[in-house]
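Text of protein-v2.tsv, listed as TSV, C-alpha atoms:
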```tsv
chain	number	residue	atom	x	y	z
A	1	MET	CA	0.00	0.00	0.00
A	2	ALA	CA	1.09	3.58	-0.63
A	3	ILE	CA	2.20	5.31	2.56
A	4	ILE	CA	2.32	9.10	2.59
A	5	LYS	CA	3.06	11.61	5.31
A	6	PRO	CA	3.12	15.39	5.78
A	7	PHE	CA	6.46	17.17	5.94
A	8	ARG	CA	8.14	20.53	6.55
A	9	GLY	CA	8.80	21.92	3.12
A	10	PHE	CA	10.84	24.94	2.09
A	11	ARG	CA	9.13	27.99	0.59
A	12	TYR	CA	10.21	31.35	-0.78
A	13	ASP	CA	9.76	34.43	1.38
A	14	LEU	CA	7.87	36.40	-1.26
A	15	LYS	CA	8.62	39.70	0.47
A	16	LYS	CA	12.31	39.10	-0.22
A	17	ALA	CA	12.30	36.98	-3.36
A	18	GLY	CA	9.61	38.80	-5.35
A	19	SER	CA	6.40	37.73	-7.02
A	20	PHE	CA	5.47	34.07	-7.11
A	21	ALA	CA	5.06	34.24	-10.90
A	22	SER	CA	8.69	35.35	-11.34
A	23	LEU	CA	10.00	32.40	-9.29
A	24	ILE	CA	8.28	29.41	-10.88
A	25	SER	CA	9.07	27.45	-14.04
A	26	PRO	CA	7.88	24.31	-15.84
A	27	PRO	CA	9.61	20.98	-15.05
A	28	TYR	CA	13.24	20.76	-16.15
A	29	ASP	CA	12.62	18.08	-18.79
A	30	VAL	CA	10.30	20.22	-20.93
A	31	LEU	CA	12.55	23.29	-21.03
A	32	SER	CA	14.53	24.17	-24.13
A	33	GLU	CA	17.72	26.23	-23.90
A	34	ALA	CA	15.73	29.31	-24.93
A	35	ASP	CA	13.21	28.59	-22.16
A	36	ARG	CA	16.00	28.19	-19.62
A	37	GLN	CA	17.47	31.56	-20.55
A	38	LYS	CA	14.04	33.19	-20.40
A	39	PHE	CA	13.40	31.96	-16.87
A	40	TYR	CA	16.91	32.89	-15.80
A	41	ALA	CA	16.14	36.44	-16.88
A	42	LYS	CA	12.87	36.54	-14.96
A	43	SER	CA	14.52	36.63	-11.54
A	44	PRO	CA	17.89	35.93	-9.92
A	45	TYR	CA	15.91	33.57	-7.66
A	46	ASN	CA	13.87	31.67	-10.26
A	47	ILE	CA	13.74	27.96	-9.47
A	48	VAL	CA	15.24	27.13	-12.88
A	49	ARG	CA	18.61	28.21	-11.45
A	50	LEU	CA	18.40	25.23	-9.13
A	51	ILE	CA	16.92	22.63	-11.46
A	52	LEU	CA	18.67	23.39	-14.77
A	53	GLY	CA	21.95	25.24	-14.38
A	54	ARG	CA	23.66	23.90	-17.48
A	55	GLY	CA	26.75	25.68	-18.81
A	56	ILE	CA	28.11	26.66	-15.36
A	57	GLY	CA	30.89	24.11	-14.96
A	58	ASP	CA	29.90	21.70	-12.19
A	59	TRP	CA	26.36	22.97	-12.04
A	60	TYR	CA	25.34	20.42	-9.40
A	61	LYS	CA	27.71	22.09	-6.93
A	62	HIS	CA	26.62	25.49	-8.19
A	63	SER	CA	22.98	24.59	-7.54
A	64	ALA	CA	23.82	23.26	-4.07
A	65	GLY	CA	25.70	26.48	-3.32
A	66	LEU	CA	22.76	28.63	-4.38
A	67	TRP	CA	20.40	26.50	-2.29
A	68	THR	CA	22.55	27.05	0.81
A	69	LYS	CA	23.02	30.75	0.07
A	70	TRP	CA	19.29	31.37	-0.38
A	71	GLN	CA	18.53	29.69	2.93
A	72	LYS	CA	21.16	31.67	4.81
A	73	SER	CA	19.86	34.93	3.34
A	74	GLY	CA	16.27	34.12	4.29
A	75	LEU	CA	15.02	33.97	0.69
A	76	ILE	CA	13.88	30.42	1.38
A	77	ALA	CA	12.83	29.07	4.76
A	78	GLN	CA	11.57	25.75	6.08
A	79	ASP	CA	8.03	25.66	7.42
A	80	GLN	CA	7.76	25.23	11.17
A	81	GLU	CA	5.01	22.61	11.08
A	82	GLU	CA	4.48	19.48	9.04
A	83	CYS	CA	1.67	19.71	6.51
A	84	LEU	CA	0.40	18.58	3.15
A	85	TYR	CA	0.76	21.15	0.37
A	86	ILE	CA	-2.31	21.59	-1.78
A	87	TYR	CA	-1.45	22.65	-5.31
A	88	ARG	CA	-3.93	23.74	-7.99
A	89	GLN	CA	-3.50	24.68	-11.63
A	90	ASP	CA	-6.22	26.64	-13.45
A	91	PHE	CA	-5.97	26.71	-17.23
A	92	THR	CA	-7.93	27.01	-20.49
A	93	VAL	CA	-8.05	24.51	-23.35
A	94	ALA	CA	-10.06	25.25	-26.52
A	95	GLY	CA	-11.91	28.03	-24.73
A	96	ARG	CA	-12.94	25.89	-21.77
A	97	ARG	CA	-11.66	26.43	-18.22
A	98	TYR	CA	-10.24	23.53	-16.22
A	99	ASP	CA	-8.56	23.07	-12.88
A	100	ARG	CA	-6.31	20.32	-11.57
A	101	THR	CA	-5.96	20.02	-7.82
A	102	GLY	CA	-3.68	17.67	-5.93
A	103	PHE	CA	-1.39	17.56	-2.93
A	104	ILE	CA	2.33	17.26	-2.26
A	105	ALA	CA	3.49	14.78	0.38
A	106	LEU	CA	6.33	12.46	1.29
A	107	LEU	CA	5.92	8.96	-0.11
A	108	GLU	CA	7.51	5.83	1.32
A	109	LEU	CA	9.73	4.02	-1.18
A	110	GLU	CA	8.77	0.51	-2.21
A	111	GLU	CA	9.50	-2.03	-4.91
A	112	PRO	CA	8.31	-0.81	-8.34
A	113	GLY	CA	4.87	-2.07	-9.30
A	114	LYS	CA	3.83	-3.05	-5.79
A	115	SER	CA	1.11	-0.45	-5.20
A	116	ILE	CA	2.41	2.30	-7.50
A	117	LEU	CA	2.35	1.30	-11.15
A	118	PRO	CA	4.90	2.83	-13.55
A	119	HIS	CA	3.46	4.13	-16.82
A	120	GLU	CA	6.58	4.92	-18.84
A	121	LYS	CA	10.16	3.80	-19.40
A	122	THR	CA	12.77	5.98	-17.72
A	123	PHE	CA	16.22	6.31	-19.26
A	124	PRO	CA	19.55	6.13	-17.39
A	125	GLY	CA	20.71	9.61	-18.41
A	126	PRO	CA	17.91	11.66	-16.83
A	127	VAL	CA	17.78	9.36	-13.79
A	128	ASP	CA	21.52	9.82	-13.21
A	129	ASP	CA	21.23	13.58	-13.75
A	130	ARG	CA	18.46	14.03	-11.15
A	131	PHE	CA	20.18	11.71	-8.68
A	132	LYS	CA	23.41	13.72	-8.91
A	133	LEU	CA	21.48	16.91	-8.19
A	134	LEU	CA	19.63	15.29	-5.28
A	135	LYS	CA	22.84	13.86	-3.82
A	136	THR	CA	24.85	17.09	-4.20
A	137	ALA	CA	22.23	19.59	-3.02
A	138	ARG	CA	20.67	17.17	-0.51
A	139	ALA	CA	17.29	18.54	-1.54
A	140	ASP	CA	14.56	17.57	-4.00
A	141	PHE	CA	13.54	20.56	-6.11
A	142	GLY	CA	10.70	18.87	-7.97
A	143	GLN	CA	7.95	16.32	-7.56
A	144	ILE	CA	6.97	13.06	-9.20
A	145	LEU	CA	3.42	13.28	-10.50
A	146	LEU	CA	1.15	10.41	-9.50
A	147	ILE	CA	-2.53	9.85	-10.18
A	148	TYR	CA	-5.08	7.84	-8.20
A	149	ASP	CA	-8.71	6.87	-8.69
A	150	ASP	CA	-10.86	8.74	-6.16
A	151	LYS	CA	-14.27	7.67	-7.45
A	152	ASN	CA	-16.09	8.84	-4.33
A	153	MET	CA	-14.30	12.22	-4.38
A	154	VAL	CA	-13.24	11.73	-0.74
A	155	ILE	CA	-9.86	13.40	-1.13
A	156	ASP	CA	-11.19	15.98	-3.57
A	157	LYS	CA	-13.79	17.18	-1.06
A	158	LEU	CA	-11.18	17.52	1.70
A	159	LEU	CA	-8.90	19.50	-0.58
A	160	GLN	CA	-11.69	21.72	-1.88
A	161	MET	CA	-12.61	22.71	1.68
A	162	GLN	CA	-9.07	24.02	2.16
A	163	THR	CA	-8.94	25.86	-1.16
A	164	ARG	CA	-11.74	28.14	-0.02
A	165	LYS	CA	-9.22	29.76	2.30
A	166	LYS	CA	-6.63	32.37	1.42
A	167	PRO	CA	-3.67	30.74	-0.37
A	168	LYS	CA	-0.05	31.05	0.69
A	169	ALA	CA	1.07	31.82	-2.86
A	170	ALA	CA	-0.49	32.35	-6.29
A	171	GLY	CA	0.69	33.49	-9.68
A	172	GLU	CA	0.15	33.07	-13.42
A	173	ASP	CA	2.91	31.77	-15.67
A	174	ASP	CA	3.80	32.68	-19.26
A	175	TYR	CA	1.43	30.02	-20.58
A	176	GLY	CA	-1.65	31.46	-18.88
A	177	ILE	CA	-1.74	28.79	-16.17
A	178	LYS	CA	-2.52	30.02	-12.68
A	179	HIS	CA	-0.65	28.20	-9.91
A	180	THR	CA	-1.97	28.31	-6.33
A	181	LEU	CA	-0.61	26.81	-3.12
A	182	TRP	CA	-2.26	26.15	0.26
A	183	LEU	CA	-0.96	24.45	3.40
A	184	LEU	CA	-3.07	21.75	5.04
A	185	HIS	CA	-2.27	21.49	8.75
A	186	ASP	CA	-5.58	19.98	9.93
A	187	LYS	CA	-4.45	16.70	11.50
A	188	ASN	CA	-7.85	15.06	11.09
A	189	ALA	CA	-8.00	15.88	7.37
A	190	VAL	CA	-4.40	14.74	6.89
A	191	ALA	CA	-5.12	11.46	8.69
A	192	ARG	CA	-8.19	10.82	6.54
A	193	ILE	CA	-6.22	11.43	3.35
A	194	LYS	CA	-3.39	9.15	4.52
A	195	ALA	CA	-5.81	6.35	5.37
A	196	TYR	CA	-7.79	6.67	2.15
A	197	VAL	CA	-4.87	6.79	-0.29
A	198	SER	CA	-3.32	3.72	1.34
A	199	CYS	CA	-6.18	1.70	-0.12
A	200	LEU	CA	-5.90	3.10	-3.65
A	201	PRO	CA	-3.83	2.00	-6.64
A	202	TRP	CA	-1.50	4.72	-7.98
A	203	VAL	CA	0.13	5.35	-11.33
A	204	SER	CA	3.37	7.30	-11.55
```
As a first step, turn the structure in this file into structure tokens.
Amino acid sequence: MAIIKPFRGFRYDLKKAGSFASLISPPYDVLSEADRQKFYAKSPYNIVRLILGRGIGDWYKHSAGLWTKWQKSGLIAQDQEECLYIYRQDFTVAGRRYDRTGFIALLELEEPGKSILPHEKTFPGPVDDRFKLLKTARADFGQILLIYDDKNMVIDKLLQMQTRKKPKAAGEDDYGIKHTLWLLHDKNAVARIKAYVSCLPWVS
């Protein structure tokens, strides 16, 4: 069964780092060199400087150095309490509005295919690249997207209750997608989500 737990994540101090929209970027593996340069130019603190620092010598060490520097300067700080992070994307396709809401949590590692089913072949190069960054910086700057079948909308209802509150961060990217983040501290809601997802099959 899939075992998740809340954690103390790191977040930007938006008063110091600037607008949320200037700090975010798409995942590293969809960015072209032109995209990378564009997000570099957006802000000296854009996340792309941590996830895709190509052309800077040993960029893994460079990324780790930036990560440490930003923490020491207070640009990024660790949350005081464990929580689940609720993340929503609002976007338009063919004139119709959609939203995709999920949550970010720690996930216990297990043998592939046990309760989390892989859906694609991963190649050694990208795996080695991300592992080097993880090992050098001792931090994970991205997430692995998983989907689950919540037919009864149990988790969805718990998340939607939280999204009625004021978010911790929100901003629209260059592609017209609005990104919004909330923190879920309610221990009862977290426990219900943990118990429910442990019974569900997942696809990564």
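If you measure from each of A:Glu33, A:Asp129, A:Asp150, A:Asp156 to Leu200 (chain A) using only C-alpha atoms, the closest one turns out to be A:Asp150.
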Open item on the list: Between CA of Ile144 (chain A) and CA of Ser204 (chain A), what distance in Å does the model show, to one decimal?
Closed with: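 Value for the CA of Ile144 (chain A)-CA of Ser204 (chain A) distance: 7.2 Å.
Shown here are all protein and nucleic acid residues lying within 12 Å of (7.0, 27.7, 3.6), with all atoms listed in the file considered: Phe7, Arg8, Gly9, Phe10, Arg11, Tyr12, Asp13, Leu14, Gln71, Gly74, Leu75, Ile76, Ala77, Gln78, Asp79, Gln80, Glu81, Glu82, Cys83, Leu84, Tyr85, Pro167, Lys168, Ala169, Leu181, Trp182, Leu183 and Leu184 of chain A.
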For region 82-152 of chain A versus region 52-63 of chain A, which residues have an atom no more than 10 Å away, and what is each residue's nearest atom pair and distance in Å rounded to one decimal, using all atoms listed in the file, chain-then-number order, as a tab-separated table?
```
residue	atom	partner	partner_atom	distance
A:Asp129	CA	A:Tyr60	CA	9.1
A:Arg130	CA	A:Tyr60	CA	9.6
A:Lys132	CA	A:Tyr60	CA	7.0
A:Leu133	CA	A:Tyr60	CA	5.4
A:Leu134	CA	A:Tyr60	CA	8.7
A:Lys135	CA	A:Tyr60	CA	9.0
A:Thr136	CA	A:Tyr60	CA	6.2
A:Ala137	CA	A:Ser63	CA	6.8
```
For the selection just defined, write its residues with C-alpha atoms to a file, as a PDB file, in the coordinates of the input.
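result-v4.pdb, freshly written:
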```
ATOM      1  CA  ASP A 129      21.230  13.580 -13.750  1.00  0.00           C
ATOM      2  CA  ARG A 130      18.460  14.030 -11.150  1.00  0.00           C
ATOM      3  CA  LYS A 132      23.410  13.720  -8.910  1.00  0.00           C
ATOM      4  CA  LEU A 133      21.480  16.910  -8.190  1.00  0.00           C
ATOM      5  CA  LEU A 134      19.630  15.290  -5.280  1.00  0.00           C
ATOM      6  CA  LYS A 135      22.840  13.860  -3.820  1.00  0.00           C
ATOM      7  CA  THR A 136      24.850  17.090  -4.200  1.00  0.00           C
ATOM      8  CA  ALA A 137      22.230  19.590  -3.020  1.00  0.00           C
TER       9      ALA A 137
END
```
Task: Computed interatomic separation between CA of Gly142 (chain A) and CA of Pro27 (chain A) (Å) - done: 7.5 Å
TODO: One decimal, Å: what's the distance from CA of Lys194 (chain A) over to CA of His119 (chain A), could you say?
DONE: 23.0 Å
- [ ] Identify the residues within 12 Å of coordinate (-4.1, 6.2, -1.8) (same frame as the file), considering all atoms listed in the file, and give the answer as a ChimeraX atom specification.
- [x] /A:1-5,103,105,107,115-116,146-151,154-155,191-203
- [ ] Write out as a PyMOL selection string each polymer residue whose atoms come within 10 Å of Leu23 (chain A), counting all atoms listed in the file; drop sequence neighbours fewer than 3 positions from it.
- [x] chain A and resi 12+14+17-20+39-40+42-49+171+173
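Using only C-alpha atoms, the nearest neighbour of Trp67 (chain A) within the list A:Ser32, A:Arg138, A:Lys166, A:Asn188 is A:Arg138.
Distances here use only C-alpha atoms; by that measure, the residue among A:Lys15, A:Lys38, A:Lys157, A:Arg88 closest to Glu172 (chain A) is A:Arg88.
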Open item on the list: My list of candidates is A:Gly102, A:Lys69, A:Ala64, A:Gly125. Which is closest to Thr163 (chain A) when distances are computed with all atoms listed in the file?
Closed with: A:Gly102
Taking all listed atoms of region 6-20 of chain A, build the axis-aligned box, pad each of the six sides by 5 Å, then write its centre and edge lengths in Å to one decimal as AutoDock Vina command-line options.
```
--center_x 7.7 --center_y 27.5 --center_z -0.3 --size_x 19.2 --size_y 34.3 --size_z 23.7
```
Atom completion result for region 142-176 of chain A (N, CA and C atoms) as a PDB file, in the frame of the given file:
```pdb
ATOM      1  N   GLY A 142      11.882  19.128  -7.150  1.00  0.00           N
ATOM      2  CA  GLY A 142      10.700  18.870  -7.970  1.00  0.00           C
ATOM      3  C   GLY A 142       9.901  17.724  -7.386  1.00  0.00           C
ATOM      4  N   GLN A 143       8.804  17.406  -8.036  1.00  0.00           N
ATOM      5  CA  GLN A 143       7.950  16.320  -7.560  1.00  0.00           C
ATOM      6  C   GLN A 143       7.779  15.284  -8.669  1.00  0.00           C
ATOM      7  N   ILE A 144       7.386  14.096  -8.258  1.00  0.00           N
ATOM      8  CA  ILE A 144       6.970  13.060  -9.200  1.00  0.00           C
ATOM      9  C   ILE A 144       5.446  13.057  -9.212  1.00  0.00           C
ATOM     10  N   LEU A 145       4.879  13.224 -10.387  1.00  0.00           N
ATOM     11  CA  LEU A 145       3.420  13.280 -10.500  1.00  0.00           C
ATOM     12  C   LEU A 145       2.834  11.881 -10.469  1.00  0.00           C
ATOM     13  N   LEU A 146       1.877  11.671  -9.581  1.00  0.00           N
ATOM     14  CA  LEU A 146       1.150  10.410  -9.500  1.00  0.00           C
ATOM     15  C   LEU A 146      -0.340  10.691  -9.602  1.00  0.00           C
ATOM     16  N   ILE A 147      -1.077   9.732 -10.123  1.00  0.00           N
ATOM     17  CA  ILE A 147      -2.530   9.850 -10.180  1.00  0.00           C
ATOM     18  C   ILE A 147      -3.159   8.663  -9.448  1.00  0.00           C
ATOM     19  N   TYR A 148      -4.357   8.887  -8.916  1.00  0.00           N
ATOM     20  CA  TYR A 148      -5.080   7.840  -8.200  1.00  0.00           C
ATOM     21  C   TYR A 148      -6.550   7.974  -8.542  1.00  0.00           C
ATOM     22  N   ASP A 149      -7.299   6.900  -8.337  1.00  0.00           N
ATOM     23  CA  ASP A 149      -8.710   6.870  -8.690  1.00  0.00           C
ATOM     24  C   ASP A 149      -9.559   7.120  -7.444  1.00  0.00           C
ATOM     25  N   ASP A 150     -10.051   8.333  -7.324  1.00  0.00           N
ATOM     26  CA  ASP A 150     -10.860   8.740  -6.160  1.00  0.00           C
ATOM     27  C   ASP A 150     -12.318   8.840  -6.607  1.00  0.00           C
ATOM     28  N   LYS A 151     -12.922   7.690  -6.880  1.00  0.00           N
ATOM     29  CA  LYS A 151     -14.270   7.670  -7.450  1.00  0.00           C
ATOM     30  C   LYS A 151     -15.298   8.358  -6.569  1.00  0.00           C
ATOM     31  N   ASN A 152     -15.123   8.244  -5.256  1.00  0.00           N
ATOM     32  CA  ASN A 152     -16.090   8.840  -4.330  1.00  0.00           C
ATOM     33  C   ASN A 152     -15.759  10.281  -3.969  1.00  0.00           C
ATOM     34  N   MET A 153     -14.700  10.816  -4.577  1.00  0.00           N
ATOM     35  CA  MET A 153     -14.300  12.220  -4.380  1.00  0.00           C
ATOM     36  C   MET A 153     -13.996  12.530  -2.912  1.00  0.00           C
ATOM     37  N   VAL A 154     -13.526  11.531  -2.167  1.00  0.00           N
ATOM     38  CA  VAL A 154     -13.240  11.730  -0.740  1.00  0.00           C
ATOM     39  C   VAL A 154     -12.105  12.739  -0.559  1.00  0.00           C
ATOM     40  N   ILE A 155     -10.997  12.499  -1.242  1.00  0.00           N
ATOM     41  CA  ILE A 155      -9.860  13.400  -1.130  1.00  0.00           C
ATOM     42  C   ILE A 155     -10.186  14.755  -1.742  1.00  0.00           C
ATOM     43  N   ASP A 156     -10.843  14.730  -2.874  1.00  0.00           N
ATOM     44  CA  ASP A 156     -11.190  15.980  -3.570  1.00  0.00           C
ATOM     45  C   ASP A 156     -11.998  16.904  -2.669  1.00  0.00           C
ATOM     46  N   LYS A 157     -12.958  16.357  -1.942  1.00  0.00           N
ATOM     47  CA  LYS A 157     -13.790  17.180  -1.060  1.00  0.00           C
ATOM     48  C   LYS A 157     -12.969  17.788   0.077  1.00  0.00           C
ATOM     49  N   LEU A 158     -12.041  17.006   0.618  1.00  0.00           N
ATOM     50  CA  LEU A 158     -11.180  17.520   1.700  1.00  0.00           C
ATOM     51  C   LEU A 158     -10.278  18.639   1.189  1.00  0.00           C
ATOM     52  N   LEU A 159      -9.760  18.471  -0.010  1.00  0.00           N
ATOM     53  CA  LEU A 159      -8.900  19.500  -0.580  1.00  0.00           C
ATOM     54  C   LEU A 159      -9.690  20.761  -0.925  1.00  0.00           C
ATOM     55  N   GLN A 160     -10.878  20.572  -1.483  1.00  0.00           N
ATOM     56  CA  GLN A 160     -11.690  21.720  -1.880  1.00  0.00           C
ATOM     57  C   GLN A 160     -12.086  22.581  -0.674  1.00  0.00           C
ATOM     58  N   MET A 161     -12.295  21.952   0.460  1.00  0.00           N
ATOM     59  CA  MET A 161     -12.610  22.710   1.680  1.00  0.00           C
ATOM     60  C   MET A 161     -11.466  23.667   2.024  1.00  0.00           C
ATOM     61  N   GLN A 162     -10.235  23.199   1.838  1.00  0.00           N
ATOM     62  CA  GLN A 162      -9.070  24.020   2.160  1.00  0.00           C
ATOM     63  C   GLN A 162      -8.863  25.130   1.143  1.00  0.00           C
ATOM     64  N   THR A 163      -9.194  24.867  -0.115  1.00  0.00           N
ATOM     65  CA  THR A 163      -8.940  25.860  -1.160  1.00  0.00           C
ATOM     66  C   THR A 163      -9.912  27.038  -1.114  1.00  0.00           C
ATOM     67  N   ARG A 164     -10.874  26.973  -0.211  1.00  0.00           N
ATOM     68  CA  ARG A 164     -11.740  28.140  -0.020  1.00  0.00           C
ATOM     69  C   ARG A 164     -11.053  29.221   0.814  1.00  0.00           C
ATOM     70  N   LYS A 165      -9.956  28.820   1.455  1.00  0.00           N
ATOM     71  CA  LYS A 165      -9.220  29.760   2.300  1.00  0.00           C
ATOM     72  C   LYS A 165      -8.210  30.549   1.475  1.00  0.00           C
ATOM     73  N   LYS A 166      -7.623  31.551   2.101  1.00  0.00           N
ATOM     74  CA  LYS A 166      -6.630  32.370   1.420  1.00  0.00           C
ATOM     75  C   LYS A 166      -5.373  31.542   1.162  1.00  0.00           C
ATOM     76  N   PRO A 167      -4.856  31.533  -0.075  1.00  0.00           N
ATOM     77  CA  PRO A 167      -3.670  30.740  -0.370  1.00  0.00           C
ATOM     78  C   PRO A 167      -2.394  31.371   0.170  1.00  0.00           C
ATOM     79  N   LYS A 168      -1.355  30.552   0.264  1.00  0.00           N
ATOM     80  CA  LYS A 168      -0.050  31.050   0.690  1.00  0.00           C
ATOM     81  C   LYS A 168       0.703  31.687  -0.470  1.00  0.00           C
ATOM     82  N   ALA A 169       0.400  31.255  -1.688  1.00  0.00           N
ATOM     83  CA  ALA A 169       1.070  31.820  -2.860  1.00  0.00           C
ATOM     84  C   ALA A 169       0.196  31.566  -4.088  1.00  0.00           C
ATOM     85  N   ALA A 170       0.263  32.494  -5.042  1.00  0.00           N
ATOM     86  CA  ALA A 170      -0.490  32.350  -6.290  1.00  0.00           C
ATOM     87  C   ALA A 170       0.161  33.209  -7.351  1.00  0.00           C
ATOM     88  N   GLY A 171       0.136  32.713  -8.582  1.00  0.00           N
ATOM     89  CA  GLY A 171       0.690  33.490  -9.680  1.00  0.00           C
ATOM     90  C   GLY A 171       0.410  32.808 -11.007  1.00  0.00           C
ATOM     91  N   GLU A 172       0.412  33.592 -12.073  1.00  0.00           N
ATOM     92  CA  GLU A 172       0.150  33.070 -13.420  1.00  0.00           C
ATOM     93  C   GLU A 172       1.435  33.024 -14.217  1.00  0.00           C
ATOM     94  N   ASP A 173       1.676  31.912 -14.909  1.00  0.00           N
ATOM     95  CA  ASP A 173       2.910  31.770 -15.670  1.00  0.00           C
ATOM     96  C   ASP A 173       2.746  32.302 -17.098  1.00  0.00           C
ATOM     97  N   ASP A 174       3.790  32.153 -17.893  1.00  0.00           N
ATOM     98  CA  ASP A 174       3.800  32.680 -19.260  1.00  0.00           C
ATOM     99  C   ASP A 174       2.838  31.951 -20.183  1.00  0.00           C
ATOM    100  N   TYR A 175       2.331  30.817 -19.754  1.00  0.00           N
ATOM    101  CA  TYR A 175       1.430  30.020 -20.580  1.00  0.00           C
ATOM    102  C   TYR A 175      -0.041  30.210 -20.187  1.00  0.00           C
ATOM    103  N   GLY A 176      -0.278  31.170 -19.293  1.00  0.00           N
ATOM    104  CA  GLY A 176      -1.650  31.460 -18.880  1.00  0.00           C
ATOM    105  C   GLY A 176      -2.187  30.516 -17.822  1.00  0.00           C
TER     106      GLY A 176
END
```
